[in-house]
Amino acid sequence: MAVLSKPAAEPKFGFSPIPVIDISDPESKQAIVKACEDFGFFKVINHGVSSELVSVLEQEAVKFFSLPKSEKTQLAGYPFGYGSREIGRNGDVGWVEYLLMNANLHFGSVPFPGIFRLESTCLNALSEYTTSVRKMTCHVLEMITDGLGIKQRDTLSKLVCDSNTDSMFRLNHYPPCPLINKNTNGGKNVIGFGEHTDPQIISVLRSNNTSGLQISLTDSSWISVPSDPSSFFFNVCDSLQVLTNGRFKSVKHRVLANSRKSRVSMIYFAGPSLTQRIAPLTCLIDNEEESLYEEFTWSEYKNSADNSRLSDNRLQQFKKKPLNDS
């Protein structure tokens, strides 16, 4: 069953307001911080990730998603493996099929039980890509700590760069949707992937040249993100919102299906180790009373996310109550 939504409001801007950050320039650190504060989202250029590597992985993804359904479902599993339409186990659906896996391939992790059914060229591309994107992600997180004035430069990057981190990688395929027809559904959009925030620390997205991604602004309006296959897009996630005590905002985003073209995206979700404790960084608050959130482990928060609907505000239950509340 397709999920429908009202047509998105037209952007109020004559150009895309999405911040564009050149991460080869050390002076961009303040621009990244501002983007995290204002949007929770930004586009990265001059990132150093090989375009040839990206192209190879996209070709392998297209090849996999072109297989007969019976072959793809041999890799089905939970939480990792192949899935179609159903997103999680709590009733969310979308016009999408995907392959979700553990991202620590270069550390010898088995990404999902059926991984070795994939061709070696695909496995090699996955490993090289996640290694390269992990390196870029750590660089961006270190630029963020510089921009925040944190003395220990690896305060954030060390959370996601160790071999025991709980990072994930996802390949999404949004096939052309024949249901998008003004004569049959009243011009409503078909949801490819419903609105949500990501629970990890930061997520890194790259897609082909088909649009569909939208982010929600502070006034709750939605704007479309112009596709750019040569760049990467960074999302502030829930855990980074907590670590910055709400200074950065976890961005709500969604994907709309396209009536004519396939969209292929690849997302690296940079998460900490399961035992890592998440709380506002002490260097960003003057005292414990300023903390807006209760401390939790990544395992606790991950379990909470796994048992929620996509659009739920998962952070709400971890917010501290005001002292004058009875």
# chains A, B, ... in the order shown; residues from 1 in each chain; ligands from 1

call {"tool": "closest_atom_pairs", "arguments": {"of": "region 106-208 of chain A", "to": "region 28-33 of chain A", "cutoff": "8 Å", "atoms": "only C-alpha atoms", "output": "CSV"}}
result
residue,atom,partner,partner_atom,distance
A:Met143,CA,A:Lys29,CA,5.1
A:Ile144,CA,A:Lys29,CA,5.9
A:Asp146,CA,A:Lys29,CA,6.5
A:Gly147,CA,A:Lys29,CA,4.8
A:Leu148,CA,A:Val33,CA,7.0

call {"tool": "select_by_dssp", "arguments": {"residues": "region 97-279 of chain A", "states": "strand (DSSP E or B)", "output": "PyMOL selection string"}}
result
chain A and resi 97-102+168-174+189-196+202-207+213-216+222-224+232-236+253-256+263-270+277-278

call {"tool": "write_last_selection", "arguments": {"atoms": "C-alpha atoms", "output": "mmCIF file, in the first residue's frame"}}
result
data_model
loop_
_atom_site.group_PDB
_atom_site.id
_atom_site.type_symbol
_atom_site.label_atom_id
_atom_site.label_comp_id
_atom_site.auth_asym_id
_atom_site.auth_seq_id
_atom_site.Cartn_x
_atom_site.Cartn_y
_atom_site.Cartn_z
ATOM 1 C CA GLU A 97 13.509 -1.315 -1.331
ATOM 2 C CA TYR A 98 16.794 -1.354 0.508
ATOM 3 C CA LEU A 99 19.857 -3.213 1.728
ATOM 4 C CA LEU A 100 20.911 -2.399 5.297
ATOM 5 C CA MET A 101 24.191 -3.577 6.769
ATOM 6 C CA ASN A 102 26.817 -3.129 9.456
ATOM 7 C CA MET A 168 25.405 1.285 9.575
ATOM 8 C CA PHE A 169 25.248 1.596 5.818
ATOM 9 C CA ARG A 170 22.122 1.570 3.714
ATOM 10 C CA LEU A 171 21.474 1.358 -0.019
ATOM 11 C CA ASN A 172 18.008 2.594 -1.001
ATOM 12 C CA HIS A 173 16.221 2.145 -4.312
ATOM 13 C CA TYR A 174 13.066 4.091 -5.088
ATOM 14 C CA ASN A 189 2.705 12.839 -3.303
ATOM 15 C CA VAL A 190 3.641 9.198 -2.787
ATOM 16 C CA ILE A 191 5.979 8.734 0.158
ATOM 17 C CA GLY A 192 9.156 6.836 -0.647
ATOM 18 C CA PHE A 193 10.521 7.045 2.907
ATOM 19 C CA GLY A 194 8.437 8.735 5.602
ATOM 20 C CA GLU A 195 9.445 11.747 7.663
ATOM 21 C CA HIS A 196 11.902 10.995 10.447
ATOM 22 C CA ILE A 202 25.657 12.158 12.023
ATOM 23 C CA SER A 203 24.583 10.611 8.728
ATOM 24 C CA VAL A 204 26.068 11.078 5.274
ATOM 25 C CA LEU A 205 23.990 10.750 2.132
ATOM 26 C CA ARG A 206 24.809 10.578 -1.535
ATOM 27 C CA SER A 207 22.300 9.906 -4.332
ATOM 28 C CA LEU A 213 14.804 14.264 -0.699
ATOM 29 C CA GLN A 214 13.145 16.973 1.396
ATOM 30 C CA ILE A 215 14.044 18.491 4.746
ATOM 31 C CA SER A 216 11.826 20.267 7.244
ATOM 32 C CA TRP A 222 9.286 21.259 3.643
ATOM 33 C CA ILE A 223 11.864 22.183 1.017
ATOM 34 C CA SER A 224 13.306 19.978 -1.701
ATOM 35 C CA PHE A 232 27.559 14.542 -0.069
ATOM 36 C CA PHE A 233 24.819 15.718 2.284
ATOM 37 C CA PHE A 234 25.233 15.617 6.067
ATOM 38 C CA ASN A 235 22.349 15.257 8.542
ATOM 39 C CA VAL A 236 22.634 16.185 12.198
ATOM 40 C CA HIS A 253 13.624 14.584 6.437
ATOM 41 C CA ARG A 254 11.706 12.400 3.993
ATOM 42 C CA VAL A 255 11.847 11.127 0.416
ATOM 43 C CA LEU A 256 9.077 11.485 -2.171
ATOM 44 C CA ARG A 263 16.363 7.156 -7.242
ATOM 45 C CA VAL A 264 19.344 5.315 -5.751
ATOM 46 C CA SER A 265 20.843 6.622 -2.529
ATOM 47 C CA MET A 266 23.551 5.442 -0.163
ATOM 48 C CA ILE A 267 23.652 6.529 3.468
ATOM 49 C CA TYR A 268 26.368 6.092 6.061
ATOM 50 C CA PHE A 269 25.010 6.330 9.614
ATOM 51 C CA ALA A 270 27.859 7.180 11.995
ATOM 52 C CA ARG A 277 27.016 7.134 27.171
ATOM 53 C CA ILE A 278 25.299 10.054 25.450
#

call {"tool": "select_by_dssp", "arguments": {"residues": "region 61-282 of chain A", "states": "helix (DSSP H, G or I)", "output": "ChimeraX atom specification"}}
result
/A:61-65,69-75,105-107,115-117,120-148,157-159,182-185,238-243,282

call {"tool": "residues_around", "arguments": {"residues": "region 35-39 of chain A", "least_positions_apart": "5", "cutoff": "7 Å", "atoms": "only C-alpha atoms", "output": "list in words"}}
result
Pro19, Leu217, Val236, Arg247, Phe248, Lys249 and Val251 of chain A

call {"tool": "closest_residue", "arguments": {"among": "A:Phe296, A:Phe65, A:Gly271, A:Asp312", "to": "Ser157 (chain A)", "atoms": "only C-alpha atoms"}}
result
A:Gly271

call {"tool": "residues_around", "arguments": {"residues": "region 131-142 of chain A", "least_positions_apart": "4", "cutoff": "8 Å", "atoms": "only C-alpha atoms", "output": "PyMOL selection string"}}
result
chain A and resi 23+47-49+106+127+146+153-158+160-161+204+268+270

call {"tool": "write_last_selection", "arguments": {"atoms": "N, CA, C and O atoms", "output": "JSON list (two decimals), in the first residue's frame"}}
result
[["chain", "number", "residue", "atom", "x", "y", "z"],
["A", 23, "ILE", "N", 34.92, 21.51, 2.54],
["A", 23, "ILE", "CA", 35.64, 20.99, 3.71],
["A", 23, "ILE", "C", 37.14, 20.90, 3.48],
["A", 23, "ILE", "O", 37.88, 20.46, 4.37],
["A", 47, "HIS", "N", 35.39, 17.02, -1.11],
["A", 47, "HIS", "CA", 35.39, 16.06, 0.00],
["A", 47, "HIS", "C", 36.49, 15.01, -0.08],
["A", 47, "HIS", "O", 36.77, 14.32, 0.90],
["A", 48, "GLY", "N", 37.09, 14.84, -1.24],
["A", 48, "GLY", "CA", 38.19, 13.89, -1.37],
["A", 48, "GLY", "C", 37.80, 12.44, -1.59],
["A", 48, "GLY", "O", 38.66, 11.57, -1.70],
["A", 49, "VAL", "N", 36.50, 12.16, -1.67],
["A", 49, "VAL", "CA", 36.04, 10.79, -1.95],
["A", 49, "VAL", "C", 36.06, 10.58, -3.46],
["A", 49, "VAL", "O", 35.50, 11.38, -4.22],
["A", 106, "HIS", "N", 35.65, -2.85, 6.89],
["A", 106, "HIS", "CA", 37.11, -2.88, 6.84],
["A", 106, "HIS", "C", 37.72, -3.32, 8.17],
["A", 106, "HIS", "O", 38.91, -3.54, 8.26],
["A", 127, "SER", "N", 33.26, -2.01, 0.92],
["A", 127, "SER", "CA", 34.31, -1.83, 1.91],
["A", 127, "SER", "C", 35.10, -0.55, 1.65],
["A", 127, "SER", "O", 35.36, 0.23, 2.57],
["A", 146, "ASP", "N", 36.30, 22.03, 16.23],
["A", 146, "ASP", "CA", 37.08, 23.26, 16.10],
["A", 146, "ASP", "C", 36.15, 24.47, 16.10],
["A", 146, "ASP", "O", 36.42, 25.48, 16.77],
["A", 153, "ARG", "N", 40.27, 17.88, 19.91],
["A", 153, "ARG", "CA", 39.73, 17.86, 18.55],
["A", 153, "ARG", "C", 38.97, 16.59, 18.21],
["A", 153, "ARG", "O", 38.06, 16.60, 17.37],
["A", 154, "ASP", "N", 39.31, 15.47, 18.85],
["A", 154, "ASP", "CA", 38.65, 14.21, 18.52],
["A", 154, "ASP", "C", 37.47, 13.90, 19.45],
["A", 154, "ASP", "O", 37.01, 12.76, 19.51],
["A", 155, "THR", "N", 36.97, 14.91, 20.15],
["A", 155, "THR", "CA", 35.87, 14.69, 21.10],
["A", 155, "THR", "C", 34.68, 14.00, 20.43],
["A", 155, "THR", "O", 34.09, 13.08, 21.02],
["A", 156, "LEU", "N", 34.34, 14.40, 19.23],
["A", 156, "LEU", "CA", 33.21, 13.78, 18.51],
["A", 156, "LEU", "C", 33.68, 12.66, 17.59],
["A", 156, "LEU", "O", 33.04, 11.59, 17.53],
["A", 157, "SER", "N", 34.77, 12.87, 16.89],
["A", 157, "SER", "CA", 35.20, 11.87, 15.90],
["A", 157, "SER", "C", 35.57, 10.54, 16.54],
["A", 157, "SER", "O", 35.34, 9.47, 15.95],
["A", 158, "LYS", "N", 36.10, 10.56, 17.77],
["A", 158, "LYS", "CA", 36.50, 9.30, 18.41],
["A", 158, "LYS", "C", 35.28, 8.43, 18.72],
["A", 158, "LYS", "O", 35.41, 7.22, 18.91],
["A", 160, "VAL", "N", 32.91, 7.72, 16.70],
["A", 160, "VAL", "CA", 32.44, 6.97, 15.53],
["A", 160, "VAL", "C", 33.56, 6.33, 14.71],
["A", 160, "VAL", "O", 33.29, 5.69, 13.70],
["A", 161, "CYS", "N", 34.80, 6.49, 15.13],
["A", 161, "CYS", "CA", 35.92, 6.03, 14.31],
["A", 161, "CYS", "C", 36.60, 4.77, 14.82],
["A", 161, "CYS", "O", 37.54, 4.26, 14.20],
["A", 204, "VAL", "N", 25.48, 10.53, 6.50],
["A", 204, "VAL", "CA", 26.07, 11.08, 5.27],
["A", 204, "VAL", "C", 25.40, 10.43, 4.07],
["A", 204, "VAL", "O", 25.45, 9.21, 3.90],
["A", 268, "TYR", "N", 25.49, 6.57, 4.99],
["A", 268, "TYR", "CA", 26.37, 6.09, 6.06],
["A", 268, "TYR", "C", 25.89, 6.72, 7.37],
["A", 268, "TYR", "O", 25.85, 7.94, 7.51],
["A", 270, "ALA", "N", 26.74, 7.24, 11.06],
["A", 270, "ALA", "CA", 27.86, 7.18, 12.00],
["A", 270, "ALA", "C", 27.33, 7.12, 13.42],
["A", 270, "ALA", "O", 26.83, 8.11, 13.96]]

call {"tool": "closest_residue", "arguments": {"among": "A:Tyr129, A:Ser50, A:Asp238, A:Arg117", "to": "Thr73 (chain A)", "atoms": "only C-alpha atoms"}}
result
A:Arg117

call {"tool": "atom_distance", "arguments": {"atom1": "CA of Leu123 (chain A)", "atom2": "CA of Ser227 (chain A)"}}
result
26.0 Å

call {"tool": "atom_distance", "arguments": {"atom1": "CA of Ser262 (chain A)", "atom2": "CA of Leu126 (chain A)"}}
result
20.6 Å

call {"tool": "closest_residue", "arguments": {"among": "A:Thr165, A:Pro322, A:Cys122, A:Ala103", "to": "Val54 (chain A)", "atoms": "only C-alpha atoms"}}
result
A:Cys122
